[in-house]
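Here's query.cif, which has mmCIF, C-alpha atoms:
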data_query
loop_
_atom_site.label_atom_id
_atom_site.label_comp_id
_atom_site.auth_asym_id
_atom_site.auth_seq_id
_atom_site.Cartn_x
_atom_site.Cartn_y
_atom_site.Cartn_z
CA MET A 768 -11.08 10.87 2.93
CA VAL A 769 -9.24 11.02 6.18
CA MET A 770 -11.61 8.82 8.16
CA ARG A 771 -10.45 9.57 11.69
CA LEU A 772 -10.70 13.36 11.26
CA ALA A 773 -14.15 13.12 9.69
CA PHE A 774 -15.31 10.80 12.47
CA LEU A 775 -14.07 13.16 15.20
CA CYS A 776 -15.86 16.07 13.52
CA PHE A 777 -19.04 13.99 13.28
CA LEU A 778 -18.97 13.13 16.98
CA THR A 779 -18.29 16.74 17.90
CA MET A 780 -21.39 17.76 15.92
CA LEU A 781 -23.43 15.16 17.78
CA ALA A 782 -22.24 16.47 21.11
CA GLY A 783 -23.71 19.88 20.30
CA CYS A 784 -27.14 18.51 19.34
CA SER A 785 -28.24 17.20 22.70
CA ASP A 786 -28.51 18.20 26.32
CA ASN A 787 -28.14 14.62 27.48
CA LYS A 788 -25.27 13.42 29.64
CA GLN A 789 -21.95 13.24 27.79
CA MET A 790 -19.71 10.21 28.28
CA PRO A 791 -16.08 10.66 27.14
CA ILE A 792 -14.14 7.91 25.38
CA THR A 793 -10.38 8.42 25.37
CA GLN A 794 -8.31 7.49 22.33
CA ASN A 795 -4.73 8.60 21.80
CA ASN A 796 -5.15 11.06 24.69
CA VAL A 797 -8.12 12.76 22.96
CA GLN A 798 -11.48 12.70 24.71
CA ILE A 799 -14.40 12.09 22.33
CA PRO A 800 -17.81 13.10 23.70
CA ILE A 801 -20.71 10.85 22.65
CA THR A 802 -24.43 11.23 23.14
CA GLU A 803 -25.99 8.48 25.18
CA ASN A 804 -29.75 8.88 24.71
CA ASP A 805 -30.45 11.15 21.73
CA GLU A 806 -33.29 9.43 19.83
CA GLU A 807 -32.88 11.32 16.53
CA MET A 808 -29.12 11.06 16.19
CA SER A 809 -27.06 8.68 18.31
CA VAL A 810 -23.85 6.69 18.04
CA THR A 811 -23.79 3.34 19.80
CA ARG A 812 -20.86 2.45 21.98
CA GLU A 813 -20.28 -0.63 19.79
CA THR A 814 -19.90 1.56 16.69
CA VAL A 815 -17.46 3.86 18.45
CA GLN A 816 -15.40 0.90 19.65
CA LEU A 817 -15.34 -0.64 16.17
CA LEU A 818 -14.22 2.51 14.38
CA THR A 819 -11.69 3.60 16.98
CA GLN A 820 -10.22 0.10 17.05
CA PHE A 821 -9.10 0.54 13.42
CA PRO A 822 -7.75 4.10 13.16
CA THR A 823 -6.06 3.39 9.82
CA ALA A 824 -8.87 1.48 8.11
CA PHE A 825 -8.97 2.46 4.43
CA GLU A 826 -8.54 0.90 1.00
CA LEU A 827 -6.60 1.59 -2.16
CA GLN A 828 -8.42 0.97 -5.42
CA LEU A 829 -5.95 0.46 -8.26
CA GLU A 830 -6.66 0.45 -11.98
CA LEU A 831 -3.78 -0.74 -14.14
CA SER A 832 -3.60 -0.23 -17.89
CA LEU A 833 -1.00 -2.37 -19.69
CA ASN A 834 -0.89 -3.10 -23.42
CA GLU A 835 -4.57 -2.15 -23.81
CA GLN A 836 -5.48 -4.52 -20.99
CA LEU A 837 -7.28 -3.12 -17.94
CA LEU A 838 -6.71 -4.73 -14.54
CA SER A 839 -8.20 -3.86 -11.14
CA PHE A 840 -6.77 -4.43 -7.68
CA GLU A 841 -7.97 -3.74 -4.16
CA ILE A 842 -5.75 -3.44 -1.10
CA CYS A 843 -7.49 -2.96 2.25
CA PHE A 844 -5.66 -1.57 5.28
CA ILE A 845 -6.92 -2.42 8.76
CA ASP A 846 -4.64 -1.22 11.53
CA SER A 847 -1.43 -3.27 11.13
CA LEU A 848 -2.62 -5.36 8.17
CA ALA A 849 -2.73 -4.78 4.42
CA ILE A 850 -4.91 -7.30 2.61
CA GLU A 851 -4.73 -7.79 -1.15
CA LEU A 852 -8.07 -9.09 -2.41
CA ASP A 853 -8.96 -11.03 -5.53
CA SER A 854 -11.02 -8.56 -7.59
CA ILE A 855 -13.61 -11.23 -8.50
CA SER A 856 -13.93 -13.54 -5.49
CA GLN A 857 -13.03 -10.86 -2.92
CA GLN A 858 -10.94 -13.48 -1.12
CA PRO A 859 -7.50 -12.56 0.30
CA ILE A 860 -4.54 -13.27 -1.97
CA ALA A 861 -1.87 -12.07 0.42
CA ILE A 862 -1.96 -10.66 3.95
CA PHE A 863 0.80 -8.22 4.92
CA ASP A 864 1.60 -7.61 8.59
CA LEU A 865 3.04 -4.10 8.50
CA ASP A 866 4.20 -4.09 12.12
CA ARG A 867 6.11 -7.37 11.83
CA MET A 868 7.10 -6.55 8.22
CA GLU A 869 6.14 -9.91 6.75
CA TRP A 870 3.41 -11.35 4.58
CA THR A 871 1.57 -14.63 4.11
CA GLU A 872 0.60 -16.14 0.75
CA CYS A 873 -2.99 -17.26 1.27
CA SER A 874 -2.91 -20.03 -1.34
CA SER A 875 0.05 -21.83 0.26
CA GLY A 876 0.18 -20.42 3.78
CA GLN A 877 3.86 -19.63 3.24
CA LEU A 878 5.29 -16.81 5.36
CA PHE A 879 7.86 -14.34 3.99
CA THR A 880 9.73 -12.08 6.40
CA GLN A 881 11.60 -8.90 5.56
CA ALA A 882 14.88 -10.39 6.79
CA ALA A 883 14.50 -13.50 4.59
CA CYS A 884 13.62 -11.33 1.57
CA GLU A 885 16.67 -9.13 2.09
CA ASP A 886 18.91 -12.22 2.33
CA TRP A 887 17.38 -13.60 -0.86
CA ALA A 888 17.84 -10.30 -2.71
CA LEU A 889 21.48 -10.05 -1.63
CA SER A 890 22.40 -13.59 -2.66
CA SER A 891 20.42 -13.29 -5.91
CA THR A 892 22.19 -10.03 -6.79
CA GLU A 893 25.59 -11.57 -6.08
CA ARG A 894 24.87 -14.55 -8.33
CA THR A 895 23.57 -12.34 -11.12
CA ASN A 896 26.57 -10.01 -10.93
CA ALA A 897 28.90 -13.00 -11.18
CA THR A 898 27.08 -14.19 -14.30
CA LEU A 899 27.05 -10.70 -15.86
CA ALA A 900 30.80 -10.38 -15.41
CA ARG A 901 31.25 -13.22 -17.92
CA ALA A 902 28.50 -12.05 -20.31
CA PRO A 903 29.17 -10.04 -23.49
CA ASP A 904 28.43 -6.31 -23.33
CA ASN A 905 25.00 -5.98 -24.94
CA ASP A 906 21.57 -4.41 -24.33
CA VAL A 907 20.39 -7.31 -22.16
CA LYS A 908 23.41 -7.04 -19.89
CA ARG A 909 22.98 -3.26 -19.53
CA PHE A 910 19.25 -3.67 -18.82
CA VAL A 911 19.87 -6.23 -16.07
CA MET A 912 22.64 -4.10 -14.57
CA ALA A 913 20.31 -1.09 -14.49
CA SER A 914 17.74 -3.23 -12.65
CA LEU A 915 20.30 -4.21 -10.00
CA LYS A 916 21.86 -0.75 -9.67
CA PRO A 917 19.29 1.75 -10.95
CA GLU A 918 21.15 5.06 -10.30
CA PHE A 919 18.01 7.11 -10.85
CA GLU A 920 17.84 10.79 -11.64
CA VAL A 921 15.04 12.64 -9.85
CA SER A 922 13.31 15.86 -10.87
CA GLU A 923 10.16 17.39 -9.45
CA THR A 924 7.66 20.21 -9.73
CA ALA A 925 4.80 21.17 -7.43
CA ASP A 926 2.56 18.33 -8.62
CA GLU A 927 4.85 15.90 -10.48
CA ILE A 928 7.89 13.76 -9.74
CA LYS A 929 10.03 12.13 -12.44
CA ILE A 930 12.39 9.27 -11.57
CA SER A 931 14.36 7.75 -14.44
CA ASN A 932 17.45 6.08 -15.77
CA GLN A 933 18.38 4.72 -19.19
CA PHE A 934 15.72 2.01 -19.15
CA LEU A 935 13.08 2.98 -16.57
CA ASN A 936 11.11 6.21 -16.68
CA TYR A 937 8.55 6.89 -13.91
CA VAL A 938 6.25 9.92 -13.87
CA PHE A 939 4.16 10.37 -10.71
CA GLN A 940 1.29 12.84 -10.43
CA SER A 941 -1.71 13.78 -8.28
CA SER A 942 -0.48 13.07 -4.76
CA LEU A 943 -3.26 11.46 -2.71
CA ASP A 944 -4.79 13.17 0.32
CA VAL A 945 -3.71 10.80 3.10
CA ASP A 946 -2.77 11.36 6.73
CA GLU A 947 0.55 10.37 8.32
CA GLN A 948 -0.67 6.96 9.52
CA GLN A 949 -2.07 6.08 6.10
CA MET A 950 1.14 7.20 4.41
CA ASP A 951 3.23 5.10 6.81
CA ARG A 952 1.07 2.03 6.11
CA PHE A 953 1.19 2.61 2.34
CA PHE A 954 4.99 2.75 2.13
CA LYS A 955 5.48 -0.26 4.40
CA TYR A 956 3.11 -2.23 2.16
CA ASP A 957 4.87 -0.95 -0.98
CA PHE A 958 8.23 -2.01 0.46
CA LEU A 959 7.07 -5.59 1.11
CA ASN A 960 5.17 -5.73 -2.17
CA ALA A 961 8.38 -5.00 -4.08
CA TYR A 962 9.75 -8.28 -2.77
CA ARG A 963 6.47 -10.10 -3.37
CA LYS A 964 6.33 -9.07 -7.04
CA ALA A 965 9.89 -10.30 -7.53
CA LEU A 966 9.49 -13.56 -5.61
CA ILE A 967 5.91 -14.59 -6.37
CA GLU A 968 5.04 -12.82 -9.61
CA LYS A 969 8.56 -13.18 -11.07
CA LYS A 970 8.76 -9.55 -12.16
CA LEU A 971 11.69 -7.12 -11.99
CA PRO A 972 14.12 -7.37 -9.07
CA PRO A 973 12.87 -5.43 -6.02
CA ILE A 974 15.72 -2.92 -6.11
CA PRO A 975 14.18 -0.38 -8.56
CA GLN A 976 10.84 -0.27 -6.73
CA LEU A 977 12.55 0.03 -3.35
CA ALA A 978 14.61 2.95 -4.64
CA VAL A 979 11.58 4.65 -6.16
CA SER A 980 9.50 4.16 -3.01
CA GLY A 981 12.32 5.67 -0.97
CA GLU A 982 12.33 8.81 -3.12
CA LEU A 983 8.56 9.18 -2.88
CA LYS A 984 8.55 8.57 0.88
CA LYS A 985 11.19 11.27 1.42
CA ARG A 986 8.84 13.72 -0.31
CA GLY A 987 5.64 12.49 1.34
CA PHE A 988 4.17 11.80 -2.10
CA VAL A 989 1.64 8.96 -2.51
CA PRO A 990 0.88 9.03 -6.25
CA GLY A 991 -2.65 8.99 -7.62
CA ILE A 992 -1.29 8.49 -11.14
CA MET A 993 1.84 6.65 -12.25
CA ASN A 994 3.07 6.42 -15.82
CA LEU A 995 5.93 3.97 -16.36
CA THR A 996 7.87 3.43 -19.56
CA VAL A 997 10.30 0.49 -19.68
CA ASN A 998 12.80 0.40 -22.54
CA THR A 999 13.45 -3.35 -22.69
CA PRO A 1000 15.86 -5.02 -25.14
CA ASN A 1001 12.75 -6.32 -26.95
CA GLY A 1002 10.89 -3.03 -27.18
CA VAL A 1003 9.09 -0.40 -25.16
CA VAL A 1004 6.47 -1.30 -22.55
CA SER A 1005 4.14 1.39 -21.21
CA LEU A 1006 2.04 1.12 -18.09
CA THR A 1007 -0.38 3.50 -16.37
CA ALA A 1008 -1.67 3.02 -12.83
CA ARG A 1009 -4.41 5.09 -11.22
CA THR A 1010 -5.04 4.88 -7.48
CA LYS A 1011 -7.92 6.10 -5.32
CA VAL A 1012 -8.32 6.11 -1.56
CA ALA A 1013 -11.66 5.09 -0.03
CA THR A 1014 -12.93 4.50 3.49
CA LEU A 1015 -14.03 1.05 4.61
CA SER A 1016 -17.55 0.45 5.83
CA GLU A 1017 -18.17 -1.16 9.21
CA GLU A 1018 -19.61 -4.19 7.41
CA LYS A 1019 -16.49 -4.63 5.25
CA ILE A 1020 -14.22 -4.23 8.26
CA GLU A 1021 -16.03 -7.06 10.00
CA GLN A 1022 -15.92 -9.22 6.86
CA LEU A 1023 -12.18 -8.68 6.53
CA ARG A 1024 -11.64 -9.48 10.19
CA ASP A 1025 -13.43 -12.80 9.65
CA LEU A 1026 -11.47 -13.55 6.46
CA THR A 1027 -8.08 -12.83 8.00
CA THR A 1028 -8.94 -14.87 11.09
CA GLN A 1029 -9.85 -17.85 8.90
CA THR A 1030 -6.77 -17.46 6.69
CA GLN A 1031 -4.06 -16.89 9.27
#
Please render this file's structure as structure tokens.
Amino acid sequence: MVMRLAFLCFLTMLAGCSDNKQMPITQNNVQIPITENDEEMSVTRETVQLLTQFPTAFELQLELSLNEQLLSFEICFIDSLAIELDSISQQPIAIFDLDRMEWTECSSGQLFTQAACEDWALSSTERTNATLARAPDNDVKRFVMASLKPEFEVSETADEIKISNQFLNYVFQSSLDVDEQQMDRFFKYDFLNAYRKALIEKKLPPIPQLAVSGELKKRGFVPGIMNLTVNTPNGVVSLTARTKVATLSEEKIEQLRDLTTQTQ
């Protein structure tokens, strides 16, 4: 599943199958030998350039189960970009630039930066706290306060992490086999996506997800399974998310390059 490592091993195998002249390509100070004229097994220079140009090309396939409803999502990572695709049309919904820490809504072309999101979250929290100060002490008030100041308790075993407070209970399992670059890209995407879900999808404030992501990042844990129970004032909501990592084909990489070029 770690594409770069598998690709390096594949090229090394090719280098041992031929007596032809070896031509090194240097990437990240590592010389990769490639066979130039082997008729039975060869790698074109164009293929090498394409794959080495996107060292972090991979996708996350998410399956979400909520109230007996099954939803699918696909997020593709190509170098500095994370692209959320519509599961039916395969068109980009949002494009995240993980180096600039910003994203673009494809339907409107609107750009959201990390700095603007942080300003929005701060002012929104201040307004909400001012309103809560005048509100009666009830379950709704306590739920909102726990969303703005989660104060999670964390416990963990070898293959499970639990993060919870009075209203939110996360259980993470089956850490995915990803390399350091993939993990870095995942958590940067997750950070921005916390703001996107709050701003665009009108879900919970970003603060709980940011706190949870921080705990997982500290432990280097990218969950394959997440079970979330939310004790809302109107009842209990349960959600299960399953995530898989897959490599991207050369064809899909090219398609995504074209899509992002057209969209941006």
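Residues within 7 Å of stretch 1015-1020 of chain A, counting all atoms listed in the file and excluding same-chain residues fewer than 5 positions away, are Ala824, Phe825 and Glu826 of chain A.
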Residue selection dump (C-alpha atoms) as a compact mmCIF listing (two decimals), in the frame of the given file:
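Writing done, so here's again-v1.txt:
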# COMPACT_ATOMS: atom_id res chain seq x y z
CA ALA A 824 -8.87 1.48 8.11
CA PHE A 825 -8.97 2.46 4.43
CA GLU A 826 -8.54 0.90 1.00
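Coordinates place atom CA of A:Glu835 at a distance of 23.5 Å from atom CA of A:Ser856.
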Report as a VMD selection string the full result of the PyMOL selection byres ((chain A and resi 878-890) around 8) when it is applied to this structure.
chain A and resid 868 to 872 876 to 877 891 to 894 959 962 972 to 973
List as an NGL selection string the protein and nucleic acid residues near A:Thr999, meaning an atom at most 12 Å away when all atoms listed in the file are counted, but skip any in the same chain fewer than 6 places from it.
:A and (906-911 or 913-914 or 933-936 or 971 or 1005)
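Atom to atom, atom CA of A:Met912 and atom CA of A:Asn932 stand 11.5 Å apart.
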